[in-house]
Each structure stands twice: as structure tokens, then as C-alpha cells.
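What follows is the content of upload.tsv (TSV, C-alpha atoms).
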chain	number	residue	atom	x	y	z
X	886	MET	CA	-43.98	-55.65	-20.38
X	887	SER	CA	-41.37	-56.15	-23.10
X	888	ILE	CA	-38.75	-53.62	-24.16
X	889	ALA	CA	-40.53	-53.14	-27.48
X	890	GLU	CA	-43.76	-52.28	-25.67
X	891	LEU	CA	-41.93	-49.87	-23.39
X	892	LEU	CA	-40.36	-48.12	-26.37
X	893	SER	CA	-43.72	-47.92	-28.13
X	894	ILE	CA	-45.20	-45.83	-25.31
X	895	LEU	CA	-42.13	-43.58	-25.01
X	896	PRO	CA	-43.44	-40.81	-27.35
X	897	GLN	CA	-46.72	-40.57	-25.42
X	898	THR	CA	-44.85	-40.55	-22.12
X	899	LEU	CA	-42.63	-37.70	-23.31
X	900	LEU	CA	-45.69	-35.72	-24.44
X	901	GLU	CA	-47.39	-36.15	-21.06
X	902	GLY	CA	-44.18	-35.08	-19.35
X	903	LEU	CA	-44.15	-31.96	-21.52
X	904	LEU	CA	-47.66	-31.01	-20.38
X	905	LEU	CA	-46.75	-31.50	-16.72
X	906	GLY	CA	-43.50	-29.63	-17.23
X	907	PHE	CA	-45.25	-26.56	-18.62
X	908	VAL	CA	-47.46	-26.39	-15.52
X	909	TYR	CA	-44.41	-26.67	-13.25
X	910	ALA	CA	-42.62	-24.01	-15.31
X	911	MET	CA	-45.41	-21.46	-14.92
X	912	VAL	CA	-45.50	-21.95	-11.16
X	913	ALA	CA	-41.69	-21.96	-10.93
X	914	LEU	CA	-41.59	-18.51	-12.52
X	915	GLY	CA	-43.34	-17.06	-9.48
X	916	TYR	CA	-40.71	-18.54	-7.18
X	917	THR	CA	-37.81	-17.37	-9.30
X	918	MET	CA	-39.12	-13.83	-9.85
X	919	VAL	CA	-39.69	-13.20	-6.14
X	920	TYR	CA	-36.32	-14.70	-5.25
X	921	GLY	CA	-34.60	-12.69	-7.96
X	922	VAL	CA	-35.96	-9.43	-6.51
X	923	LEU	CA	-36.08	-10.14	-2.75
X	924	GLY	CA	-33.99	-13.23	-2.15
X	925	LEU	CA	-37.12	-14.72	-0.56
X	926	ILE	CA	-38.41	-18.25	-1.06
X	927	ASN	CA	-42.15	-17.60	-1.08
X	928	PHE	CA	-43.51	-21.00	-0.06
X	929	ALA	CA	-47.01	-19.51	0.03
X	930	HIS	CA	-46.81	-19.38	-3.78
X	931	SER	CA	-48.03	-22.98	-3.95
X	932	GLU	CA	-51.28	-21.88	-2.30
X	933	ILE	CA	-51.59	-18.98	-4.76
X	934	PHE	CA	-51.50	-21.67	-7.45
X	935	MET	CA	-54.17	-23.67	-5.61
X	936	ILE	CA	-56.40	-20.59	-5.28
X	937	GLY	CA	-56.22	-20.16	-9.06
X	938	ALA	CA	-57.36	-23.75	-9.57
X	939	VAL	CA	-60.26	-23.35	-7.12
X	940	THR	CA	-61.27	-20.05	-8.73
X	941	GLY	CA	-61.38	-21.75	-12.11
X	942	ILE	CA	-63.74	-24.39	-10.74
X	943	GLU	CA	-66.06	-21.71	-9.35
X	944	VAL	CA	-66.19	-19.99	-12.74
X	945	PHE	CA	-67.09	-23.27	-14.44
X	946	ARG	CA	-69.58	-24.08	-11.70
X	947	TYR	CA	-71.63	-20.95	-12.32
X	948	LEU	CA	-71.17	-20.46	-16.06
X	949	GLY	CA	-70.72	-23.97	-17.35
X	950	ASN	CA	-74.36	-24.91	-17.98
X	951	GLY	CA	-74.93	-24.61	-21.69
X	952	GLY	CA	-72.30	-21.94	-22.32
X	953	ASN	CA	-69.45	-21.99	-24.80
X	954	PRO	CA	-66.69	-23.94	-22.98
X	955	TYR	CA	-63.89	-22.00	-24.67
X	956	LEU	CA	-65.30	-18.64	-23.61
X	957	ILE	CA	-65.85	-19.95	-20.10
X	958	LEU	CA	-62.27	-21.23	-20.01
X	959	LEU	CA	-60.99	-17.84	-21.17
X	960	LEU	CA	-63.01	-16.15	-18.43
X	961	ALA	CA	-61.66	-18.69	-15.92
X	962	PHE	CA	-58.10	-17.75	-16.92
X	963	ILE	CA	-58.82	-14.05	-16.48
X	964	VAL	CA	-60.64	-14.38	-13.16
X	965	ALA	CA	-58.11	-16.87	-11.74
X	966	ALA	CA	-55.20	-14.62	-12.75
X	967	ALA	CA	-56.91	-11.61	-11.15
X	968	VAL	CA	-57.79	-13.42	-7.91
X	969	SER	CA	-54.41	-15.16	-7.51
X	970	GLY	CA	-52.53	-12.00	-8.41
X	971	THR	CA	-54.54	-9.99	-5.89
X	972	VAL	CA	-53.96	-12.55	-3.14
X	973	ALA	CA	-50.23	-12.55	-3.91
X	974	VAL	CA	-50.12	-8.74	-3.62
X	975	LEU	CA	-52.01	-8.86	-0.32
X	976	VAL	CA	-49.62	-11.48	1.04
X	977	GLU	CA	-46.66	-9.28	0.13
X	978	ARG	CA	-48.29	-6.16	1.56
X	979	LEU	CA	-49.49	-7.66	4.84
X	980	ALA	CA	-46.90	-10.33	5.59
X	981	TYR	CA	-43.59	-9.63	3.86
X	982	ARG	CA	-43.38	-5.84	3.55
X	983	PRO	CA	-43.57	-5.17	7.33
X	984	LEU	CA	-40.68	-7.61	7.84
X	985	ARG	CA	-38.66	-5.96	5.10
X	986	ARG	CA	-39.18	-2.48	6.53
X	987	ARG	CA	-38.00	-3.61	9.95
X	988	GLY	CA	-34.71	-4.53	8.34
X	989	SER	CA	-34.38	-7.92	10.01
X	990	LYS	CA	-31.15	-9.74	9.10
X	991	ASN	CA	-32.50	-13.14	10.15
X	992	VAL	CA	-33.36	-15.03	6.95
X	993	LEU	CA	-35.46	-17.52	8.91
X	994	VAL	CA	-38.07	-14.90	9.80
X	995	PRO	CA	-39.49	-14.39	6.26
X	996	LEU	CA	-39.12	-18.12	5.57
X	997	ILE	CA	-41.20	-19.09	8.60
X	998	THR	CA	-43.67	-16.33	7.73
X	999	ALA	CA	-44.07	-17.79	4.23
X	1000	ILE	CA	-44.79	-21.23	5.66
X	1001	GLY	CA	-47.33	-19.74	8.08
X	1002	VAL	CA	-49.07	-17.84	5.26
X	1003	SER	CA	-49.19	-21.08	3.29
X	1004	PHE	CA	-51.08	-22.87	6.08
X	1005	LEU	CA	-53.34	-19.85	6.53
X	1006	LEU	CA	-54.35	-19.80	2.87
X	1007	GLN	CA	-54.99	-23.56	2.86
X	1008	ASP	CA	-57.36	-23.36	5.80
X	1009	LEU	CA	-58.98	-20.18	4.54
X	1010	VAL	CA	-59.91	-21.81	1.21
X	1011	ARG	CA	-61.03	-24.92	3.10
X	1012	ALA	CA	-63.31	-22.83	5.34
X	1013	ILE	CA	-64.77	-20.91	2.40
X	1014	GLU	CA	-65.55	-24.07	0.44
X	1015	ALA	CA	-67.00	-25.72	3.55
X	1016	LEU	CA	-69.32	-22.81	4.27
X	1017	TRP	CA	-70.21	-22.21	0.64
X	1018	HIS	CA	-70.55	-25.72	-0.82
X	1019	ASN	CA	-69.82	-28.10	2.08
X	1020	GLU	CA	-67.23	-29.96	-0.01
X	1021	PHE	CA	-63.47	-30.10	-0.30
X	1022	ASN	CA	-62.84	-32.37	-3.29
X	1023	LEU	CA	-63.67	-30.19	-6.27
X	1024	GLN	CA	-63.97	-31.58	-9.77
X	1025	TYR	CA	-63.44	-29.71	-13.00
X	1026	PRO	CA	-66.26	-30.40	-15.50
X	1027	SER	CA	-65.47	-32.81	-18.32
X	1028	TYR	CA	-66.40	-31.38	-21.72
X	1029	ASP	CA	-66.26	-33.62	-24.76
X	1030	THR	CA	-64.75	-30.78	-26.76
X	1031	PHE	CA	-61.80	-30.58	-24.34
X	1032	ASN	CA	-61.25	-34.35	-24.47
X	1033	TYR	CA	-61.28	-34.63	-28.27
X	1034	ASP	CA	-58.04	-36.07	-29.68
X	1035	VAL	CA	-56.61	-33.39	-31.98
X	1036	LEU	CA	-54.15	-35.88	-33.52
X	1037	SER	CA	-56.82	-38.38	-34.58
X	1038	LYS	CA	-57.31	-36.71	-37.97
X	1039	LEU	CA	-53.56	-36.99	-38.59
X	1040	GLY	CA	-53.64	-40.71	-38.00
X	1041	SER	CA	-52.11	-40.42	-34.52
X	1042	PRO	CA	-48.42	-40.25	-35.58
X	1043	LEU	CA	-46.15	-42.44	-33.44
X	1044	GLY	CA	-49.28	-43.58	-31.63
X	1045	LEU	CA	-49.62	-40.21	-29.92
X	1046	THR	CA	-52.87	-38.90	-28.48
X	1047	LEU	CA	-53.28	-35.27	-27.54
X	1048	ALA	CA	-56.56	-34.01	-26.15
X	1049	VAL	CA	-57.68	-30.45	-26.85
X	1050	LYS	CA	-57.05	-29.59	-23.20
X	1051	GLY	CA	-53.45	-30.76	-23.57
X	1052	LEU	CA	-53.01	-28.54	-26.61
X	1053	ILE	CA	-54.48	-25.65	-24.61
X	1054	VAL	CA	-51.88	-26.23	-21.87
X	1055	ILE	CA	-49.03	-26.07	-24.39
X	1056	LEU	CA	-50.30	-23.01	-26.27
X	1057	VAL	CA	-51.32	-20.98	-23.21
X	1058	SER	CA	-48.05	-21.78	-21.42
X	1059	ILE	CA	-45.94	-20.75	-24.41
X	1060	LEU	CA	-47.90	-17.51	-24.84
X	1061	MET	CA	-47.63	-16.64	-21.13
X	1062	LEU	CA	-43.94	-17.46	-20.95
X	1063	ALA	CA	-43.18	-15.48	-24.12
X	1064	GLY	CA	-45.21	-12.56	-22.77
X	1065	LEU	CA	-43.32	-12.62	-19.48
X	1066	ASN	CA	-39.98	-12.72	-21.28
X	1067	TYR	CA	-41.01	-9.69	-23.33
X	1068	LEU	CA	-42.22	-7.83	-20.24
X	1069	VAL	CA	-39.04	-8.41	-18.27
X	1070	ASN	CA	-36.60	-7.66	-21.09
X	1071	ARG	CA	-38.39	-5.13	-23.29
X	1072	THR	CA	-40.61	-2.93	-21.14
X	1073	LYS	CA	-40.07	-0.10	-18.68
X	1074	LEU	CA	-41.58	-2.21	-15.88
X	1075	GLY	CA	-39.20	-5.04	-16.72
X	1076	LYS	CA	-36.22	-2.71	-16.53
X	1077	ALA	CA	-37.42	-1.47	-13.16
X	1078	ILE	CA	-37.82	-5.05	-11.90
X	1079	ARG	CA	-34.27	-5.86	-13.00
X	1080	ALA	CA	-32.96	-2.67	-11.42
X	1081	VAL	CA	-34.58	-3.45	-8.07
X	1082	ALA	CA	-33.28	-7.02	-8.28
X	1083	GLN	CA	-29.75	-5.77	-8.87
X	1084	ASP	CA	-29.65	-3.07	-6.19
X	1085	MET	CA	-32.80	-1.97	-4.38
X	1086	SER	CA	-31.24	1.03	-2.65
X	1087	THR	CA	-29.67	2.45	-5.80
X	1088	ALA	CA	-32.88	1.87	-7.76
X	1089	GLY	CA	-34.74	3.89	-5.12
X	1090	LEU	CA	-32.25	6.75	-5.53
X	1091	MET	CA	-32.87	6.70	-9.29
X	1092	GLY	CA	-36.59	7.37	-8.84
X	1093	ILE	CA	-37.90	3.80	-8.74
X	1094	ASN	CA	-40.24	2.95	-5.88
X	1095	PRO	CA	-39.07	-0.50	-4.73
X	1096	ASP	CA	-42.30	-1.24	-2.86
X	1097	VAL	CA	-44.37	-0.67	-6.02
X	1098	ILE	CA	-42.06	-2.81	-8.16
X	1099	ILE	CA	-42.02	-5.61	-5.60
X	1100	SER	CA	-45.81	-5.52	-5.40
X	1101	ARG	CA	-46.07	-5.75	-9.19
X	1102	THR	CA	-43.61	-8.62	-9.21
X	1103	PHE	CA	-45.87	-10.52	-6.81
X	1104	LEU	CA	-48.85	-9.60	-8.99
X	1105	ILE	CA	-47.22	-11.01	-12.13
X	1106	GLY	CA	-46.02	-14.18	-10.42
X	1107	GLY	CA	-49.40	-14.72	-8.73
X	1108	SER	CA	-51.27	-14.21	-12.00
X	1109	LEU	CA	-49.10	-16.79	-13.75
X	1110	ALA	CA	-49.75	-19.21	-10.89
X	1111	GLY	CA	-53.50	-18.60	-11.19
X	1112	VAL	CA	-53.49	-19.50	-14.89
X	1113	ALA	CA	-51.30	-22.52	-14.14
X	1114	GLY	CA	-53.85	-23.60	-11.51
X	1115	VAL	CA	-56.66	-23.57	-14.09
X	1116	LEU	CA	-54.52	-25.54	-16.53
X	1117	PHE	CA	-53.67	-28.06	-13.81
X	1118	GLY	CA	-57.33	-28.50	-12.91
X	1119	LEU	CA	-58.33	-28.78	-16.55
X	1120	VAL	CA	-55.91	-31.66	-17.15
X	1121	TYR	CA	-55.96	-33.46	-13.79
X	1122	THR	CA	-59.59	-32.57	-12.86
X	1123	ASN	CA	-59.44	-33.02	-9.06
X	1124	VAL	CA	-58.57	-30.04	-6.83
X	1125	THR	CA	-58.60	-29.68	-3.03
X	1126	PRO	CA	-57.40	-26.91	-0.69
X	1127	TYR	CA	-54.21	-28.94	-0.33
X	1128	SER	CA	-53.59	-29.52	-4.05
X	1129	GLY	CA	-50.98	-26.79	-4.22
X	1130	PHE	CA	-48.45	-28.44	-1.91
X	1131	GLN	CA	-46.86	-31.09	-4.12
X	1132	PRO	CA	-46.95	-29.13	-7.41
X	1133	GLY	CA	-45.60	-26.13	-5.50
X	1134	ILE	CA	-42.68	-28.05	-4.03
X	1135	LYS	CA	-41.92	-29.54	-7.43
X	1136	ALA	CA	-42.10	-26.12	-9.08
X	1137	PHE	CA	-39.65	-24.85	-6.46
X	1138	THR	CA	-37.42	-27.81	-7.31
X	1139	ALA	CA	-37.71	-26.84	-10.98
X	1140	ALA	CA	-36.66	-23.29	-10.16
X	1141	VAL	CA	-33.61	-24.58	-8.25
X	1142	LEU	CA	-32.85	-27.08	-11.02
X	1143	GLY	CA	-32.72	-24.36	-13.67
X	1144	GLY	CA	-30.98	-21.82	-11.42
X	1145	ILE	CA	-33.24	-19.88	-9.09
X	1146	GLY	CA	-33.42	-16.24	-10.11
X	1147	ASN	CA	-33.01	-17.27	-13.76
X	1148	ILE	CA	-36.28	-17.04	-15.71
X	1149	PRO	CA	-35.25	-19.21	-18.71
X	1150	GLY	CA	-33.75	-21.63	-16.21
X	1151	ALA	CA	-37.06	-21.92	-14.37
X	1152	VAL	CA	-38.81	-22.84	-17.62
X	1153	ALA	CA	-36.15	-25.38	-18.56
X	1154	GLY	CA	-36.16	-26.79	-15.03
X	1155	GLY	CA	-39.93	-27.24	-15.12
X	1156	LEU	CA	-39.80	-29.08	-18.44
X	1157	VAL	CA	-36.93	-31.32	-17.33
X	1158	LEU	CA	-38.62	-32.16	-14.03
X	1159	GLY	CA	-41.94	-32.91	-15.73
X	1160	GLU	CA	-40.22	-35.31	-18.12
X	1161	LEU	CA	-38.21	-37.01	-15.37
X	1162	GLU	CA	-41.26	-37.51	-13.19
X	1163	THR	CA	-43.36	-38.91	-16.03
X	1164	LEU	CA	-40.60	-41.18	-17.30
X	1165	GLY	CA	-39.98	-42.39	-13.76
X	1166	GLY	CA	-43.65	-43.19	-13.25
X	1167	THR	CA	-43.72	-45.18	-16.48
X	1168	TYR	CA	-40.40	-47.02	-16.41
X	1169	LEU	CA	-39.32	-47.20	-12.78
X	1170	GLY	CA	-41.03	-50.54	-12.16
X	1171	PHE	CA	-39.37	-52.07	-15.22
X	1172	LEU	CA	-35.91	-50.73	-14.40
X	1173	THR	CA	-36.04	-51.96	-10.79
X	1174	GLY	CA	-37.50	-55.35	-11.57
X	1175	GLY	CA	-40.81	-54.45	-9.95
X	1176	ASN	CA	-39.28	-53.45	-6.62
X	1177	PHE	CA	-40.37	-49.84	-7.05
X	1178	GLY	CA	-43.63	-48.92	-8.74
X	1179	SER	CA	-44.95	-45.72	-10.27
X	1180	GLU	CA	-45.87	-44.40	-6.82
X	1181	TYR	CA	-42.16	-43.81	-6.20
X	1182	ALA	CA	-41.97	-41.37	-9.11
X	1183	GLN	CA	-43.01	-38.65	-6.64
X	1184	VAL	CA	-39.71	-39.21	-4.83
X	1185	LEU	CA	-37.72	-38.17	-7.88
X	1186	ALA	CA	-38.47	-34.47	-7.48
X	1187	PHE	CA	-37.18	-34.41	-3.92
X	1188	LEU	CA	-34.20	-36.62	-4.72
X	1189	ILE	CA	-33.27	-34.24	-7.53
X	1190	LEU	CA	-33.59	-31.27	-5.17
X	1191	ILE	CA	-31.23	-32.88	-2.64
X	1192	LEU	CA	-28.66	-33.77	-5.31
X	1193	ILE	CA	-28.74	-30.28	-6.81
X	1194	LEU	CA	-28.28	-28.62	-3.43
X	1195	LEU	CA	-25.36	-30.96	-2.68
X	1196	PHE	CA	-23.46	-30.83	-5.97
X	1197	ARG	CA	-24.65	-27.80	-7.94
X	1198	PRO	CA	-26.64	-25.39	-5.75
X	1199	GLN	CA	-26.49	-22.65	-8.41
X	1200	GLY	CA	-28.55	-24.82	-10.79
X	1201	LEU	CA	-27.84	-26.38	-14.16
X	1202	PHE	CA	-27.48	-23.01	-15.85
X	1203	GLY	CA	-24.77	-21.95	-13.44
X	1204	GLN	CA	-26.59	-18.80	-12.34
X	1205	ASN	CA	-24.76	-17.25	-9.41
X	1206	VAL	CA	-27.30	-15.28	-7.37
X	1207	SER	CA	-25.97	-12.64	-5.01
X	1208	GLU	CA	-27.17	-12.82	-1.44
X	1209	LYS	CA	-29.95	-10.37	-0.57
X	1210	VAL	CA	-29.58	-8.60	2.75

Show me this structure written as C-alpha cells.
Amino acid sequence: MSIAELLSILPQTLLEGLLLGFVYAMVALGYTMVYGVLGLINFAHSEIFMIGAVTGIEVFRYLGNGGNPYLILLLAFIVAAAVSGTVAVLVERLAYRPLRRRGSKNVLVPLITAIGVSFLLQDLVRAIEALWHNEFNLQYPSYDTFNYDVLSKLGSPLGLTLAVKGLIVILVSILMLAGLNYLVNRTKLGKAIRAVAQDMSTAGLMGINPDVIISRTFLIGGSLAGVAGVLFGLVYTNVTPYSGFQPGIKAFTAAVLGGIGNIPGAVAGGLVLGELETLGGTYLGFLTGGNFGSEYAQVLAFLILILILLFRPQGLFGQNVSEKV
């Protein structure tokens, strides 16, 4: 492929990276919110994301015959957000809160617990799908209306193509991220979340119930992950009980990249990581003379994580996060 051909597909590559980046950003917000309040890396969050994607498939499975696809998609968002948010709250209540109340100083205990909960949720979804449908590879339905190129009537500027489902990803992500920013910075609940994040003990003395605020933080993060799961399934179609692992790890990388505990940083980190991964998948073979193909693009996320932890562990935004004890 010539340089001119590579440059001609650059705009489309950047657009696809933007779509992927928005999905990573929405999942990364769950990581960064929980860490900002508790100092806990909730690795089970990737399975909360996966549960949202599976829930969306079940909604389409039972309502998708002859119904309005946009209304079904809206219902899928609502149900997935409710289910994922509820699961996140249950995980906090049953797994993390007992550890917190015991006052353990060992940071490995909640970390190992999070990993164990992650495996538990994977196998639980796998068992449910096996007993219910006897299948693990779930496919989102393909509607012509979702695959229609919205840029075709504009003459496809710069050779770009953008399906309706891609436009939905961008619009829904922006609305959810703007709503979260408003909630955290402009509402009473947001002030309480920031107070608990700053000093849990003092917030409790001021009349704020830390357990309630932490539970609501998990609810918000889980709901965002549920919506992100539906968006992921809508664009990439195939979902399994193990589909949350790689996007979850990459979303965590995005949170670290932007500065974990920093909400705008998590969004920026997700967008940057999505672009880097997509650009790597497209151009890596050309830049390495064919020695490394697009399959090595997956390595970029983990390479970036290692480099950040080595040279700038506070993230690109320079957010210094105090240690939670």
C-alpha cells in the first residue's frame, strides 16, 4: 500500500478510533469514580460492562421482531443501565463493604476480591446463558436502519462513512458524559461524592452517609458501563461472557493514561487510547515493513500502561491522587 493510499484512509481511521475511544471513556469513568472515592481498582467493572452488553442482546432478542429499532435500543439502554447498576451496587454491598468495615490496611485484599468477583460474574453469566439459551456467542441483530451511512447524502466528505449506529455511539456518549459532569459538579449528590472522596471520616461527621454515597457511586459507574456495553455490542455485534476483559483492561489503561481519579482525564484517556489502537491496527504493518501486523495493535494498550506507570504514574493530566487508607 502506497503512502498516498495510507493517507487517504486516515480520516476514516481517526473516526473509527473516535467511536472506540468513546466506549473506552464510558467504561473508564466507572474505574476512575470508584478509585476517586475509595482508592480501589474495581477490576470487576469490566464484567459489569459485559453484563450490560448481554442485557442489551436479551432486550433485542425478545422485542426485536417487527418493533421500532430505535425504541428497542432506547429500552435496551435503560434496562442495561438498570441491570448493570444494580449488579455494581450488589458487588459493593456484598464484597467490598464488609472489607472496608473491617478496616484492613492490606491493599491486596480488596484487589484480589475484585479479581475473584470478576471471575464469578463471568461464570455466572456463562451459566445463565447456557441454561437459558445453550449458547455463549451472542450476536446483536443487524438492522438496515442502524447500518445506513448518514454521510452518504453529504457526498461522503473526505471519503468518510459513518453508520447510524456510529452516530448513536457519539451522541449517546457525549450526552452521558455531559450528564455525569453536571451531576458531579452541580448537584447535591455530586458535592457529597466529592466530599467523601476528599475525606470520608469528615464527610460522615458533616451528616453525609459514606456507605450511601459509595453505593450511589457504584450505581452511576455501573449504569454508564451498562450503556457502554450496549453501544459496544451495537457496533461490534459479537458478545460473550468474556467480552468484558479486554475492553475493561483498556478502559483501565485509559483511566490511568488520563490520570486515575480525574473524570475529564478518563474521557481524554479513552479517546487517546481508542485513536492509538485504531491507528496502530491500520498502520503498524506499514511502519514495520510487514514484520508486525494489525493483530499487534492490541499490545499497544498494555505497552502504554507500562510506560505510563514507569514514567508518569499520575497520568498525562498530572493528577496527584492521595492514598486512601

From the options X:Thr1163, X:Gln1183, X:Gln1024, X:Asn991, which residue's atoms come nearest to X:Thr940, counting only C-alpha atoms?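 Closest to X:Thr940 of all the choices is X:Gln1024.
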
Give me the residues near X:Gly1044 as a VMD selection string, where near means some atom within 10 Å (using only C-alpha atoms) and where sequence neighbours in that chain fewer than 5 positions away do not count. chain X and resid 893 to 897 1036 to 1037

Expected residue set, 7 Å radius at (-42.4, -32.7, -14.9), all atoms listed in the file, as a list in words: Gly902, Leu903, Leu905, Gly906, Tyr909, Gly1155, Leu1156, Val1157, Leu1158, Gly1159, Glu1160, Leu1161, Glu1162 and Thr1163 of chain X

Atom CA of X:Phe934 to atom CA of X:Gly1107, distance in Å rounded to a single decimal: 7.4 Å

At a cut-off of 12 Å, using only C-alpha atoms, what residues contact X:Glu1020? Leave out same-chain residues fewer than 3 positions from it and give the result as a ChimeraX atom specification. /X:939,1010-1017,1023-1024,1124-1126

Next, the residues of the selection above should be written as a CSV table (one decimal), keeping the file's coordinate frame with C-alpha atoms.
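Result file result-v8.csv:
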chain,number,residue,atom,x,y,z
X,939,VAL,CA,-60.3,-23.4,-7.1
X,1010,VAL,CA,-59.9,-21.8,1.2
X,1011,ARG,CA,-61.0,-24.9,3.1
X,1012,ALA,CA,-63.3,-22.8,5.3
X,1013,ILE,CA,-64.8,-20.9,2.4
X,1014,GLU,CA,-65.6,-24.1,0.4
X,1015,ALA,CA,-67.0,-25.7,3.6
X,1016,LEU,CA,-69.3,-22.8,4.3
X,1017,TRP,CA,-70.2,-22.2,0.6
X,1023,LEU,CA,-63.7,-30.2,-6.3
X,1024,GLN,CA,-64.0,-31.6,-9.8
X,1124,VAL,CA,-58.6,-30.0,-6.8
X,1125,THR,CA,-58.6,-29.7,-3.0
X,1126,PRO,CA,-57.4,-26.9,-0.7

Here's a test: counting only C-alpha atoms, identify every protein, DNA and RNA residue with an atom at most 12 Å from (-37.7, -5.7, 5.3) in the file's coordinate frame, and state them as a ChimeraX atom specification. /X:923-925,977-992,994-995,1085,1095-1096,1099,1209-1210

Which stretch 1064-1124 of chain X residues have any atom within 12 Å of an atom of stretch 1133-1149 of chain X, and for each, what is the nearest pair of atoms with distance in Å to one decimal, counting all atoms listed in the file, rows sorted by chain and number, as JSON lines?
{"residue": "X:Leu1065", "atom": "CA", "partner": "X:Ile1148", "partner_atom": "CA", "distance": 9.1}
{"residue": "X:Asn1066", "atom": "CA", "partner": "X:Ile1148", "partner_atom": "CA", "distance": 8.0}
{"residue": "X:Tyr1067", "atom": "CA", "partner": "X:Ile1148", "partner_atom": "CA", "distance": 11.6}
{"residue": "X:Leu1068", "atom": "CA", "partner": "X:Ile1148", "partner_atom": "CA", "distance": 11.9}
{"residue": "X:Val1069", "atom": "CA", "partner": "X:Ile1148", "partner_atom": "CA", "distance": 9.4}
{"residue": "X:Asn1070", "atom": "CA", "partner": "X:Ile1148", "partner_atom": "CA", "distance": 10.8}
{"residue": "X:Arg1079", "atom": "CA", "partner": "X:Gly1146", "partner_atom": "CA", "distance": 10.8}
{"residue": "X:Ala1082", "atom": "CA", "partner": "X:Gly1146", "partner_atom": "CA", "distance": 9.4}
{"residue": "X:Gln1083", "atom": "CA", "partner": "X:Gly1146", "partner_atom": "CA", "distance": 11.2}
{"residue": "X:Gly1106", "atom": "CA", "partner": "X:Ile1148", "partner_atom": "CA", "distance": 11.4}
{"residue": "X:Ala1110", "atom": "CA", "partner": "X:Gly1133", "partner_atom": "CA", "distance": 9.7}
{"residue": "X:Ala1113", "atom": "CA", "partner": "X:Gly1133", "partner_atom": "CA", "distance": 11.0}
{"residue": "X:Gly1114", "atom": "CA", "partner": "X:Gly1133", "partner_atom": "CA", "distance": 10.5}
{"residue": "X:Phe1117", "atom": "CA", "partner": "X:Gly1133", "partner_atom": "CA", "distance": 11.7}

Do you have the atom CA of X:Ala966-atom CA of X:Ile936 distance handy? 9.6 Å

Would you kindly return, as a list in words, each protein, DNA or RNA residue with an atom no farther than 10 Å from any atom of X:Glu932, considering only C-alpha atoms and excluding same-chain residues fewer than 5 positions away?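 Non-adjacent residues within range: Gly937, Ala938, Ser969, Val972, Ala973, Val1002, Ser1003, Phe1004, Leu1005, Leu1006, Gln1007, Val1010, Gly1107, Ala1110, Gly1111, Gly1114, Pro1126, Tyr1127, Ser1128, Gly1129, Phe1130, Pro1132 and Gly1133 of chain X.
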
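Atom CA of X:Leu958 sits 9.9 Å away from atom CA of X:Ile942.
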
Kindly indicate which residue among X:Tyr955, X:Phe1177, X:Phe1103, X:Phe1171 lies nearest to X:Met918, using all atoms listed in the file for the distances.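 Among X:Tyr955, X:Phe1177, X:Phe1103, X:Phe1171, it is X:Phe1103 that comes nearest to X:Met918.
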
Closest to X:Val1115 among X:Leu1188, X:Ile963, X:Ala1182, X:Leu975, using only C-alpha atoms? X:Ile963

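Restricting the calculation to all atoms listed in the file, the smallest distance between X:His930 and any of X:Ile1105, X:Ala1077, X:Leu1047, X:Leu899 is found for X:Ile1105.
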
Could you check the closest approach to X:Leu1190 for each of X:Gly1001, X:Gly1118, X:Gly1166, X:Gly1154 and tell me which residue wins, using all atoms listed in the file?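 Checking each candidate against X:Leu1190, we get X:Gly1154 as the closest.
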
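Nearest to X:Leu892 of all the residues X:Leu1116, X:Leu1043, X:Ile1055, X:Leu1104 is X:Leu1043, counting only C-alpha atoms.
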